[in-house]
Amino acid sequence: MFEQTFKNLDDILRKEAGCASELDYTEQTSWLLFLKYLDDLETARATEAELRGLAYTPIIDAAHRWGRWAAPKDAAGKLDHNRTLTGPDLIDYVNRELFPYLAGFKERATSPDTIEYKIGEIFGEITNKFRSGYSLRDAIDAVDALSFGSQVQKHELSELYEAKIKNMGNAGRNGGEYYTPRPLIRAMIAVVKPRIGEKIYDGAAGSCGFLCEAYDYLLPQAKTVDDRRTLQERSFYGKEKKSLAYVIGTMNMILHGIDAPNIVHTNTLAELVLDIQEKDRFDVILANPPFGGKERPEIQQNFPIKTGETAYLFLQHFIKSLRAGGAAAVVIKNTFLSNTDNASVALRRELLESCNLHTVLDMPGGTFQGAGVKTVVLFFEKGEPTRSVWYYRLDPGRNMGKTSALNDADMADFIAKQASFADGPRSWSVAADSIDATTCDLTVRNPNAPEAEPLRSPQEILDEIAALDTESAAILARVRELL
């Protein structure tokens with residue numbers, strides 16, 4: 001039922017003049033799902049309070065609850081068409097009354113880590129793009145049929161929502177910005193091995209795929225009420241600059257089961273990196289910072305190594321944000337390993353000297369749909385210099401693309417060999433003292449690959465060209481004789 005509902009929503013949105021792309025479809029689906037989820041959450045909390053003999057004060061007031069404006073029901077529990085808004089009346093109510101009321105929660109909330117504050121931020125950032133109140137009515141009716149009551153239902157909905165995020169990433173020209181392949185994320189988590197009680201951070205959170213997968217990894221380990229409370233309140237932290245990504249990421253975490261995600265809507269790089277204190281640091285960092293972005297000079301001034309490359313600024317931020325003994329896994333363009341500009345060399349030196357860069361995973365081209373760049377994953381631990389770097393070149397044996405995307409089986413050999421830093425046809429180790437101290441070049445060079453045939457000399461190539469020319473001339477001469 002849920003899958004069909006999502007298909008129906010997409011059909012409705014494709015016919016809506018105000019929605020032009022998968023990004024719009026996901027954004028508009030998100031705010032509707034969020035309000036329906038919130039209504040179900042309020043109902044569950046009210047029931048729980050009643051069973052305990054306690055009073056419950058709803059977050060949303062009576063005039064703006066889902067059951068009042070979106071899906072008023074009659075005594076039989078069916079949609080009351082006499083009280084249901086539709087057409088221009090519905091659009092006018094949503095734009096002029098509902099969104100301003102919900103956006104006001106940001107000012108009224110007692111703390112940024114409350115669900116009230118998240119409501120205010122979400123509805124202060126997005127707009128209703130439905131122009132037809134009749135299309136919006138159809139979408140509301142479809143969402144109203146969904147239920148968030150059980151964990152099984154939440155899990156199915158979260159998987160469908162992940163599929164929407166994946167489609168959005170594939171449709172956009174910056175696919176990697178919205179969607180990091182989940183098999184890659186799961187492999188990164190399997191290597192880092194976070195534990196309950198550790199603070200896990202993504203400073204370029206996007207759709208919060210890393211945090212959601214980390215939550216799914218740790219949830220089976222939560223054996224007590226305190227463990228589950230720790231996962232809810234004190235485990236996952238993120239920052240995101242872009243409004244749409246912030247909304248989608250927050251919604252993604254909520255659907256995965258985290259009621260009030262610790263996601264801050266801010267430009268991470270605007271923070272002075274030298275001001276990061278011990279209380280601000282994290283045990284685990286998992287991230288895929290934006291590829292190829294450029295930052296203004298005033299942002300660059302926040303970092304000791306000045307560069308306009310966004311990913312390099314993020315890497316500095318992550319190194320400083322990691323506590324001593326903490327572990328990180330960060331996706332970055334493979335050109336970082338070999339670029340000869342001053343910033344690249346200085347950053348590689350900083351990484352090698354302040355952290356143990358123990359693993360470099362070389363990903364095949366096409367891993368990120370729409371991104372058009374080759375990437376590597378850097379695995380490092382803070383506090384000790386690098387002694388040896390273990391490289392692994394991933395080769396799934398096929399061209400990567402939409403119809404042959406990365407899967408968990410592709411990552412299995414890497415995970416198995418990484419546990420013992422085992423050598424093989426696609427894996428090898430490089431001692432830190434053999435790395436050029438001047439350039440700190442970390443280029444992926446597989447010593448176990450078969451040697452390529454030696455290149456021919458220029459004279460051999462010229463001789464072959466001359467021979468081919470002579471042969472071609474003879475053939476043309478015979479053709480002319482036949483004419």
# chains A, B, ... in the order shown; residues from 1 in each chain; ligands from 1
>>> residues_around(residues="Trp390 (chain A)", least_positions_apart="6", cutoff="9 Å", atoms="only C-alpha atoms", output="VMD selection string")
chain A and resid 357 to 361 418 421 to 423 427 to 431
>>> select_by_dssp(residues="region 259-443 of chain A", states="strand (DSSP E)", output="MDAnalysis selection string")
chainID A and resid 262:265 282:287 322:333 355:362 375:382 388:393 427:431
>>> residues_around(residues="Ile305 (chain A)", least_positions_apart="6", cutoff="10 Å", atoms="only C-alpha atoms", output="list in words")
Tyr312, Leu313, Gln316, Asn342, Ala343, Ser344, Ala346, Leu347 and Glu350 of chain A
>>> residues_around(residues="Val192 (chain A)", least_positions_apart="6", cutoff="9 Å", atoms="only C-alpha atoms", output="number ranges by chain")
A: 284, 286, 327-329, 379
>>> write_last_selection(atoms="C-alpha atoms", output="compact mmCIF listing (two decimals), in the first residue's frame")
# COMPACT_ATOMS: atom_id res chain seq x y z
CA VAL A 284 33.25 9.41 14.99
CA LEU A 286 31.37 10.11 8.65
CA ALA A 327 37.90 7.69 13.97
CA ALA A 328 36.78 9.20 10.67
CA ALA A 329 35.84 8.10 7.17
CA PHE A 379 39.95 6.38 6.87
>>> closest_residue(among="A:Glu481, A:Asp113, A:Glu278, A:Glu309", to="Ile263 (chain A)", atoms="only C-alpha atoms")
A:Asp113
>>> closest_residue(among="A:Val444, A:Asp227, A:Gly209, A:Phe318", to="Asn334 (chain A)", atoms="only C-alpha atoms")
A:Val444
>>> residues_around(residues="Glu353 (chain A)", least_positions_apart="2", cutoff="8 Å", atoms="only C-alpha atoms", output="PyMOL selection string")
chain A and resi 349-351+355-356+384-386
>>> write_last_selection(atoms="N, CA and C atoms", output="PDB file, in the first residue's frame")
ATOM      1  N   ARG A 349      50.045  16.848   4.373  1.00  0.00           N
ATOM      2  CA  ARG A 349      51.049  16.786   5.447  1.00  0.00           C
ATOM      3  C   ARG A 349      50.361  16.846   6.818  1.00  0.00           C
ATOM      4  N   GLU A 350      49.384  17.735   6.952  1.00  0.00           N
ATOM      5  CA  GLU A 350      48.632  17.846   8.203  1.00  0.00           C
ATOM      6  C   GLU A 350      47.939  16.530   8.544  1.00  0.00           C
ATOM      7  N   LEU A 351      47.349  15.906   7.545  1.00  0.00           N
ATOM      8  CA  LEU A 351      46.647  14.643   7.754  1.00  0.00           C
ATOM      9  C   LEU A 351      47.619  13.545   8.183  1.00  0.00           C
ATOM     10  N   CYS A 355      47.240  12.650  12.158  1.00  0.00           N
ATOM     11  CA  CYS A 355      46.325  11.499  12.166  1.00  0.00           C
ATOM     12  C   CYS A 355      47.019  10.270  11.602  1.00  0.00           C
ATOM     13  N   ASN A 356      46.483   9.118  11.953  1.00  0.00           N
ATOM     14  CA  ASN A 356      46.929   7.854  11.372  1.00  0.00           C
ATOM     15  C   ASN A 356      46.022   7.540  10.183  1.00  0.00           C
ATOM     16  N   GLU A 384      47.764  10.145  16.463  1.00  0.00           N
ATOM     17  CA  GLU A 384      49.069   9.553  16.189  1.00  0.00           C
ATOM     18  C   GLU A 384      49.404   9.760  14.720  1.00  0.00           C
ATOM     19  N   PRO A 385      50.677   9.945  14.389  1.00  0.00           N
ATOM     20  CA  PRO A 385      51.043  10.113  12.979  1.00  0.00           C
ATOM     21  C   PRO A 385      50.867   8.810  12.202  1.00  0.00           C
ATOM     22  N   THR A 386      50.758   8.940  10.902  1.00  0.00           N
ATOM     23  CA  THR A 386      50.602   7.778  10.023  1.00  0.00           C
ATOM     24  C   THR A 386      51.873   6.939  10.004  1.00  0.00           C
TER      25      THR A 386
END
>>> atom_distance(atom1="CA of Phe6 (chain A)", atom2="CA of Thr29 (chain A)")
8.8 Å
>>> closest_residue(among="A:Gly87, A:Gly206, A:Pro100, A:Gly133", to="Met253 (chain A)", atoms="only C-alpha atoms")
A:Gly206
>>> residues_around(residues="Ile254 (chain A)", least_positions_apart="5", cutoff="10 Å", atoms="only C-alpha atoms", output="VMD selection string")
chain A and resid 34 37 to 38 154 158 212 248 to 249 259 to 261
>>> residues_around(residues="Phe314 (chain A)", least_positions_apart="2", cutoff="10 Å", atoms="only C-alpha atoms", output="tab-separated table (two decimals) with C-alpha atoms, in the first residue's frame")
chain	number	residue	atom	x	y	z
A	203	GLY	CA	29.29	18.40	9.09
A	204	ALA	CA	27.99	18.16	5.50
A	268	THR	CA	29.69	24.65	8.81
A	269	LEU	CA	32.62	26.44	7.19
A	273	VAL	CA	38.21	26.16	13.01
A	287	ALA	CA	30.99	12.48	5.71
A	288	ASN	CA	30.89	13.13	1.99
A	289	PRO	CA	31.53	16.89	1.69
A	290	PRO	CA	30.47	18.71	-1.51
A	303	PHE	CA	41.16	28.02	8.29
A	309	GLU	CA	38.17	24.21	-2.54
A	310	THR	CA	35.20	23.45	-0.28
A	311	ALA	CA	36.13	19.82	0.30
A	312	TYR	CA	39.60	20.78	1.57
A	316	GLN	CA	40.40	20.65	7.93
A	317	HIS	CA	37.17	21.08	9.89
A	318	PHE	CA	36.84	17.31	10.35
A	319	ILE	CA	40.43	16.87	11.53
A	320	LYS	CA	39.96	19.63	14.13
A	330	VAL	CA	35.57	10.89	4.59
A	332	ILE	CA	36.94	13.14	-1.26
>>> closest_residue(among="A:Val264, A:Ile299, A:Ile200, A:Cys440", to="Asp283 (chain A)", atoms="only C-alpha atoms")
A:Ile200
>>> select_by_dssp(residues="region 112-287 of chain A", states="alpha helix (DSSP H)", output="VMD selection string")
chain A and resid 115 to 125 133 to 144 151 to 171 175 to 178 182 to 192 209 to 218 225 to 233 243 to 256
>>> atom_distance(atom1="CA of Phe2 (chain A)", atom2="CA of Leu32 (chain A)")
14.5 Å
>>> closest_residue(among="A:Tyr246, A:Tyr201, A:Phe123, A:Phe336", to="Leu322 (chain A)", atoms="only C-alpha atoms")
A:Tyr201
